[in-house]
file coords-v7.txt (compact mmCIF, C-alpha atoms and all ligand atoms)
# COMPACT_ATOMS: atom_id res chain seq x y z
CA GLY A 1493 -172.68 -29.74 87.41
CA VAL A 1494 -176.02 -29.65 85.57
CA ASN A 1495 -174.15 -29.12 82.30
CA GLU A 1496 -172.41 -32.50 82.46
CA ARG A 1497 -172.91 -34.56 79.32
CA THR A 1498 -172.69 -38.20 78.37
CA PHE A 1499 -172.74 -40.21 75.16
CA LEU A 1500 -175.38 -42.93 74.92
CA ALA A 1501 -175.97 -45.17 71.93
CA ILE A 1502 -178.73 -47.70 71.32
CA LYS A 1503 -176.91 -50.55 69.62
CA PRO A 1504 -178.15 -52.34 66.45
CA ASP A 1505 -179.99 -55.02 68.48
CA GLY A 1506 -181.85 -52.33 70.45
CA VAL A 1507 -182.86 -50.54 67.24
CA GLN A 1508 -183.97 -53.79 65.52
CA ARG A 1509 -185.95 -54.82 68.59
CA HIS A 1510 -187.85 -51.49 68.59
CA LEU A 1511 -186.50 -50.42 71.97
CA ILE A 1512 -185.51 -46.86 70.98
CA GLY A 1513 -188.67 -45.24 72.34
CA GLU A 1514 -188.68 -47.14 75.61
CA ILE A 1515 -184.98 -46.50 76.26
CA ILE A 1516 -185.23 -42.78 75.51
CA ARG A 1517 -188.30 -42.64 77.76
CA HIS A 1518 -186.23 -43.91 80.74
CA PHE A 1519 -183.79 -41.01 80.49
CA GLU A 1520 -186.55 -38.47 79.74
CA LYS A 1521 -188.60 -39.56 82.74
CA LYS A 1522 -185.54 -39.39 84.96
CA GLY A 1523 -185.20 -35.69 84.14
CA PHE A 1524 -182.16 -35.70 81.89
CA LYS A 1525 -182.11 -33.46 78.83
CA LEU A 1526 -181.56 -34.73 75.29
CA VAL A 1527 -179.17 -32.38 73.48
CA GLY A 1528 -178.16 -34.47 70.45
CA MET A 1529 -179.58 -37.43 68.56
CA LYS A 1530 -179.07 -39.18 65.23
CA LEU A 1531 -179.75 -42.54 63.64
CA MET A 1532 -176.75 -43.78 61.69
CA GLN A 1533 -174.91 -46.81 60.45
CA ALA A 1534 -171.42 -46.32 61.87
CA SER A 1535 -168.26 -46.98 59.87
CA GLU A 1536 -165.70 -49.57 60.86
CA ASP A 1537 -163.14 -46.80 61.50
CA LEU A 1538 -165.47 -44.94 63.86
CA LEU A 1539 -166.31 -48.09 65.80
CA LYS A 1540 -162.69 -49.19 66.07
CA GLU A 1541 -161.82 -45.78 67.44
CA HIS A 1542 -164.83 -45.77 69.77
CA TYR A 1543 -163.73 -49.10 71.29
CA ILE A 1544 -159.95 -48.52 70.97
CA ALA A 1545 -159.38 -49.30 74.67
CA LEU A 1546 -160.61 -52.85 74.00
CA CYS A 1547 -158.46 -53.52 70.90
CA ASP A 1548 -156.47 -56.27 72.62
CA ARG A 1549 -159.54 -58.18 73.80
CA PRO A 1550 -160.48 -61.41 71.99
CA PHE A 1551 -164.02 -60.14 71.29
CA TYR A 1552 -162.91 -56.81 69.73
CA SER A 1553 -163.46 -57.66 66.04
CA HIS A 1554 -166.76 -59.42 66.81
CA LEU A 1555 -167.84 -56.35 68.78
CA VAL A 1556 -167.02 -54.01 65.90
CA GLU A 1557 -168.88 -56.26 63.41
CA TYR A 1558 -171.97 -56.37 65.65
CA MET A 1559 -171.94 -52.58 66.02
CA ARG A 1560 -171.67 -52.29 62.21
CA SER A 1561 -174.51 -54.73 61.55
CA GLY A 1562 -177.32 -52.15 61.58
CA PRO A 1563 -178.29 -48.63 62.51
CA ILE A 1564 -177.36 -47.13 65.87
CA ALA A 1565 -179.25 -44.36 67.69
CA ALA A 1566 -176.47 -42.06 68.91
CA MET A 1567 -177.37 -39.52 71.59
CA VAL A 1568 -175.97 -36.92 73.93
CA TRP A 1569 -177.74 -36.40 77.27
CA GLN A 1570 -177.15 -33.66 79.80
CA GLY A 1571 -177.77 -33.25 83.52
CA LEU A 1572 -176.37 -33.41 87.03
CA ASP A 1573 -174.04 -36.40 87.39
CA VAL A 1574 -175.43 -37.82 84.13
CA VAL A 1575 -172.36 -39.95 83.30
CA LYS A 1576 -172.55 -42.01 86.49
CA MET A 1577 -176.35 -41.99 86.75
CA ALA A 1578 -176.78 -43.21 83.17
CA ARG A 1579 -174.35 -46.07 83.86
CA THR A 1580 -176.40 -46.99 86.93
CA MET A 1581 -179.60 -46.91 84.88
CA ILE A 1582 -177.98 -49.04 82.15
CA GLY A 1583 -176.75 -51.75 84.55
CA GLU A 1584 -173.67 -53.97 84.41
CA THR A 1585 -171.78 -54.87 81.23
CA ASN A 1586 -173.18 -58.39 81.44
CA PRO A 1587 -177.01 -58.40 81.46
CA ALA A 1588 -176.85 -61.49 83.70
CA ASP A 1589 -175.30 -59.31 86.42
CA SER A 1590 -177.73 -56.41 85.86
CA ARG A 1591 -180.58 -55.87 88.27
CA PRO A 1592 -184.21 -55.74 87.16
CA GLY A 1593 -185.14 -52.11 86.61
CA THR A 1594 -181.94 -51.39 84.70
CA ILE A 1595 -182.00 -51.29 80.91
CA ARG A 1596 -179.72 -54.29 80.47
CA GLY A 1597 -181.43 -56.06 83.36
CA ASP A 1598 -184.83 -55.71 81.69
CA PHE A 1599 -184.17 -55.86 77.96
CA CYS A 1600 -181.38 -58.31 77.12
CA ILE A 1601 -179.66 -61.57 78.01
CA GLU A 1602 -176.18 -61.82 76.48
CA VAL A 1603 -173.12 -59.60 77.03
CA SER A 1604 -172.44 -59.40 73.29
CA LYS A 1605 -175.99 -58.12 72.59
CA ASN A 1606 -176.51 -55.71 75.46
CA VAL A 1607 -178.61 -53.06 73.61
CA ILE A 1608 -177.01 -49.85 74.84
CA HIS A 1609 -173.69 -48.06 75.29
CA GLY A 1610 -172.97 -45.40 77.91
CA SER A 1611 -169.72 -43.51 78.55
CA ASP A 1612 -167.91 -44.79 81.65
CA SER A 1613 -166.33 -41.50 82.82
CA ILE A 1614 -166.44 -37.76 82.17
CA GLU A 1615 -163.22 -38.04 80.11
CA SER A 1616 -164.63 -40.90 77.99
CA ALA A 1617 -167.84 -38.92 77.54
CA ARG A 1618 -165.88 -35.94 76.17
CA ARG A 1619 -163.89 -38.17 73.84
CA GLU A 1620 -166.94 -40.09 72.61
CA ILE A 1621 -169.15 -37.01 72.11
CA SER A 1622 -166.48 -35.39 69.93
CA LEU A 1623 -166.00 -38.66 68.04
CA TRP A 1624 -169.71 -39.09 67.22
CA PHE A 1625 -170.98 -35.49 67.01
CA HIS A 1626 -169.87 -32.16 65.62
CA THR A 1627 -170.29 -29.60 68.40
CA ASP A 1628 -172.57 -27.46 66.21
CA LYS A 1629 -175.01 -30.39 65.92
CA LEU A 1630 -175.69 -30.34 69.67
CA THR A 1631 -178.61 -28.21 70.79
CA CYS A 1632 -178.50 -26.15 73.97
CA TRP A 1633 -182.06 -25.50 75.04
CA ALA A 1634 -183.76 -24.24 78.17
CA GLU A 1635 -186.03 -26.82 79.68
CA SER A 1636 -189.25 -25.32 81.07
CA THR A 1637 -189.42 -28.06 83.72
CA GLU A 1638 -185.87 -27.50 85.02
CA HIS A 1639 -186.98 -25.79 88.26
CA TRP A 1640 -189.15 -28.84 89.06
CA ILE A 1641 -186.09 -31.10 88.74
CA TYR A 1642 -183.27 -29.05 90.31
CA GLU A 1643 -183.15 -26.88 93.45
P1 LIG B 1701 -169.64 -51.42 78.85
O1 LIG B 1701 -170.43 -51.44 77.55
O2 LIG B 1701 -170.49 -51.85 80.00
O3 LIG B 1701 -168.93 -50.11 79.10
P2 LIG B 1701 -167.03 -52.49 78.15
O4 LIG B 1701 -166.65 -51.09 77.78
O5 LIG B 1701 -166.13 -53.24 79.05
O6 LIG B 1701 -168.52 -52.56 78.75
O7 LIG B 1701 -167.17 -53.36 76.82
C1 LIG B 1701 -167.75 -52.80 75.67
C2 LIG B 1701 -168.69 -53.81 75.06
O8 LIG B 1701 -167.94 -54.96 74.66
C3 LIG B 1701 -169.76 -54.36 76.00
O9 LIG B 1701 -170.88 -53.52 76.09
C4 LIG B 1701 -170.09 -55.67 75.36
C5 LIG B 1701 -168.76 -56.12 74.80
N1 LIG B 1701 -168.11 -57.04 75.73
C6 LIG B 1701 -167.52 -56.74 76.92
N2 LIG B 1701 -167.03 -57.82 77.53
C7 LIG B 1701 -167.32 -58.86 76.69
C8 LIG B 1701 -167.09 -60.26 76.73
N3 LIG B 1701 -166.45 -60.82 77.76
N4 LIG B 1701 -167.51 -61.00 75.69
C9 LIG B 1701 -168.14 -60.44 74.64
N5 LIG B 1701 -168.40 -59.14 74.53
C10 LIG B 1701 -168.00 -58.36 75.54
MG MG B 1702 -167.39 -49.20 78.07
call {"tool": "encode", "arguments": {"input": "coords-v7.txt", "output": "C-alpha cells", "more": "lines below"}}
Ligand code: DAT
Ligand code: MG
result
Amino acid sequence: GVNERTFLAIKPDGVQRHLIGEIIRHFEKKGFKLVGMKLMQASEDLLKEHYIALCDRPFYSHLVEYMRSGPIAAMVWQGLDVVKMARTMIGETNPADSRPGTIRGDFCIEVSKNVIHGSDSIESARREISLWFHTDKLTCWAESTEHWIYE
C-alpha cells in the first residue's frame, strides 16, 4: 500500500562526491515521501549487522570498511511499492550492468563503490529501518500533493 517503507542509504562515496542532493531529488521527483533522514558515521557493529546476510562472502570485511570510511546519509522513504520501485531506480548491484537513467547506471563504475543502498524486500526494509532508526525519529506527515500522485 501507500504506507510501504524502504531504507535507502547514500554510501560514503556518494556523500564525498556531493551526490546527496541529486539522489534525493530522484526519489522526490518520483513522488515518494521522505519520512526519515540522518547523516551519520556508522559503527562497525551496525554495518556488520546490516550486511549480516553477506558475512560469508570474500568481500564482506572490505565492504564493512568502505561503509565505515565516511559519513552515510541514511533515509526512510514511503510510497506505493516503494521497495521494488526504489530498487529499479537504483539499478543492478554492479554499475556495469545498470542501465543509464538508474542511479548506479549514471553515477558510478565499480561494484564496490556503488553509491547507494536500497532494501531488497519488504522484510529486509523492516529489519533495516529498525536497525538504523528509532521509530519515534520517523515523521508521518500529510503531503499536500498526494492527490496529484495517487488516485
Ligand atoms: P545490493 O547493494 O544491490 O543489494 P548486495 O546486497 O548483493 O547488493 O551486496 C551488498 C553490497 O556489497 C553491494 O552493494 C556492493 C557489495 N558487493 C556485492 N557484490 C560484490 C562483489 N562481487 N565484489 C565486491 N563488492 C560486492
Ligand atoms: Mg542488498
call {"tool": "residues_near_ligand", "arguments": {"input": "coords-v7.txt", "ligand": "ligand LIG 1701 (chain B)", "cutoff": "8 Å", "atoms": "only C-alpha atoms and all ligand atoms", "output": "count of residues only"}}
result
21
call {"tool": "residues_around", "arguments": {"input": "coords-v7.txt", "residues": "A:Thr1498", "least_positions_apart": "5", "cutoff": "9 Å", "atoms": "all atoms listed in the file", "output": "ChimeraX atom specification"}}
result
/A:1567-1571,1574-1576,1578,1610-1614,1616-1618,1620-1621
call {"tool": "axis_aligned_box", "arguments": {"input": "coords-v7.txt", "around": "stretch 1548-1557 of chain A", "padding_each_side": "5 Å", "output": "JSON"}}
result
{"center_x": -162.7, "center_y": -57.7, "center_z": 68.6, "size_x": 22.4, "size_y": 17.4, "size_z": 20.4}
call {"tool": "closest_residue", "arguments": {"input": "coords-v7.txt", "among": "A:Ile1516, A:Leu1511, A:Leu1623, A:Val1494", "to": "A:Ala1534", "atoms": "only C-alpha atoms"}}
result
A:Leu1623
call {"tool": "residues_around", "arguments": {"input": "coords-v7.txt", "residues": "stretch 1508-1510 of chain A", "least_positions_apart": "5", "cutoff": "10 Å", "atoms": "only C-alpha atoms", "output": "JSON, numbers by chain"}}
result
{"A": [1502, 1503, 1515, 1562, 1563, 1564, 1599, 1607]}
call {"tool": "atom_distance", "arguments": {"input": "coords-v7.txt", "atom1": "atom CA of A:Asp1548", "atom2": "atom MG of ligand MG 1702 (chain B)"}}
result
14.1 Å
call {"tool": "atom_distance", "arguments": {"input": "coords-v7.txt", "atom1": "atom CA of A:Leu1539", "atom2": "atom CA of A:Glu1520"}}
result
26.4 Å
call {"tool": "residues_around", "arguments": {"input": "coords-v7.txt", "residues": "A:Leu1630", "least_positions_apart": "3", "cutoff": "6 Å", "atoms": "only C-alpha atoms", "output": "JSON, numbers by chain"}}
result
{"A": [1527, 1528, 1627]}
call {"tool": "atom_distance", "arguments": {"input": "coords-v7.txt", "atom1": "atom CA of A:Gly1593", "atom2": "atom CA of A:Met1581"}}
result
7.8 Å
call {"tool": "closest_residue", "arguments": {"input": "coords-v7.txt", "among": "A:Phe1625, A:Lys1525, A:His1542, A:Arg1497", "to": "ligand MG 1702 (chain B)", "atoms": "only C-alpha atoms and all ligand atoms"}}
result
A:His1542
call {"tool": "closest_residue", "arguments": {"input": "coords-v7.txt", "among": "A:Phe1499, A:Glu1638, A:Ser1553, A:Gly1523", "to": "ligand MG 1702 (chain B)", "atoms": "only C-alpha atoms and all ligand atoms"}}
result
A:Phe1499
call {"tool": "closest_residue", "arguments": {"input": "coords-v7.txt", "among": "A:Ala1501, A:Lys1629, A:Thr1594, A:Met1577", "to": "ligand MG 1702 (chain B)", "atoms": "only C-alpha atoms and all ligand atoms"}}
result
A:Ala1501
call {"tool": "residues_around", "arguments": {"input": "coords-v7.txt", "residues": "A:Ala1565", "least_positions_apart": "5", "cutoff": "9 Å", "atoms": "all atoms listed in the file", "output": "PDB file with C-alpha atoms, in the frame of the given file"}}
result
ATOM      1  CA  LEU A1500    -175.380 -42.930  74.920  1.00  0.00           C
ATOM      2  CA  ALA A1501    -175.970 -45.170  71.930  1.00  0.00           C
ATOM      3  CA  ILE A1502    -178.730 -47.700  71.320  1.00  0.00           C
ATOM      4  CA  LYS A1503    -176.910 -50.550  69.620  1.00  0.00           C
ATOM      5  CA  PRO A1504    -178.150 -52.340  66.450  1.00  0.00           C
ATOM      6  CA  GLY A1506    -181.850 -52.330  70.450  1.00  0.00           C
ATOM      7  CA  VAL A1507    -182.860 -50.540  67.240  1.00  0.00           C
ATOM      8  CA  ILE A1512    -185.510 -46.860  70.980  1.00  0.00           C
ATOM      9  CA  MET A1529    -179.580 -37.430  68.560  1.00  0.00           C
ATOM     10  CA  LYS A1530    -179.070 -39.180  65.230  1.00  0.00           C
ATOM     11  CA  LEU A1531    -179.750 -42.540  63.640  1.00  0.00           C
ATOM     12  CA  MET A1532    -176.750 -43.780  61.690  1.00  0.00           C
ATOM     13  CA  GLN A1533    -174.910 -46.810  60.450  1.00  0.00           C
TER      14      GLN A1533
END
call {"tool": "closest_residue", "arguments": {"input": "coords-v7.txt", "among": "A:Arg1591, A:Ile1544, A:Tyr1642, A:Cys1632", "to": "ligand MG 1702 (chain B)", "atoms": "all atoms listed in the file"}}
result
A:Ile1544
call {"tool": "closest_residue", "arguments": {"input": "coords-v7.txt", "among": "A:Lys1522, A:Gly1493, A:Glu1514, A:His1639", "to": "A:Asp1598", "atoms": "all atoms listed in the file"}}
result
A:Glu1514
call {"tool": "decode", "arguments": {"input": "coords-v7.txt", "residues": "stretch 1567-1579 of chain A", "atoms": "C-alpha atoms", "output": "mmCIF file, in the first residue's frame"}}
result
data_model
loop_
_atom_site.group_PDB
_atom_site.id
_atom_site.type_symbol
_atom_site.label_atom_id
_atom_site.label_comp_id
_atom_site.auth_asym_id
_atom_site.auth_seq_id
_atom_site.Cartn_x
_atom_site.Cartn_y
_atom_site.Cartn_z
ATOM 1 C CA MET A 1567 16.901 7.631 4.889
ATOM 2 C CA VAL A 1568 13.454 6.119 5.048
ATOM 3 C CA TRP A 1569 11.133 6.670 2.073
ATOM 4 C CA GLN A 1570 7.450 5.862 1.826
ATOM 5 C CA GLY A 1571 5.026 5.197 -1.012
ATOM 6 C CA LEU A 1572 3.206 2.656 -3.139
ATOM 7 C CA ASP A 1573 5.512 -0.266 -3.967
ATOM 8 C CA VAL A 1574 8.495 1.827 -2.831
ATOM 9 C CA VAL A 1575 10.759 -1.149 -2.017
ATOM 10 C CA LYS A 1576 10.677 -2.568 -5.545
ATOM 11 C CA MET A 1577 10.468 0.804 -7.317
ATOM 12 C CA ALA A 1578 13.478 2.177 -5.438
ATOM 13 C CA ARG A 1579 15.494 -0.912 -6.403
#
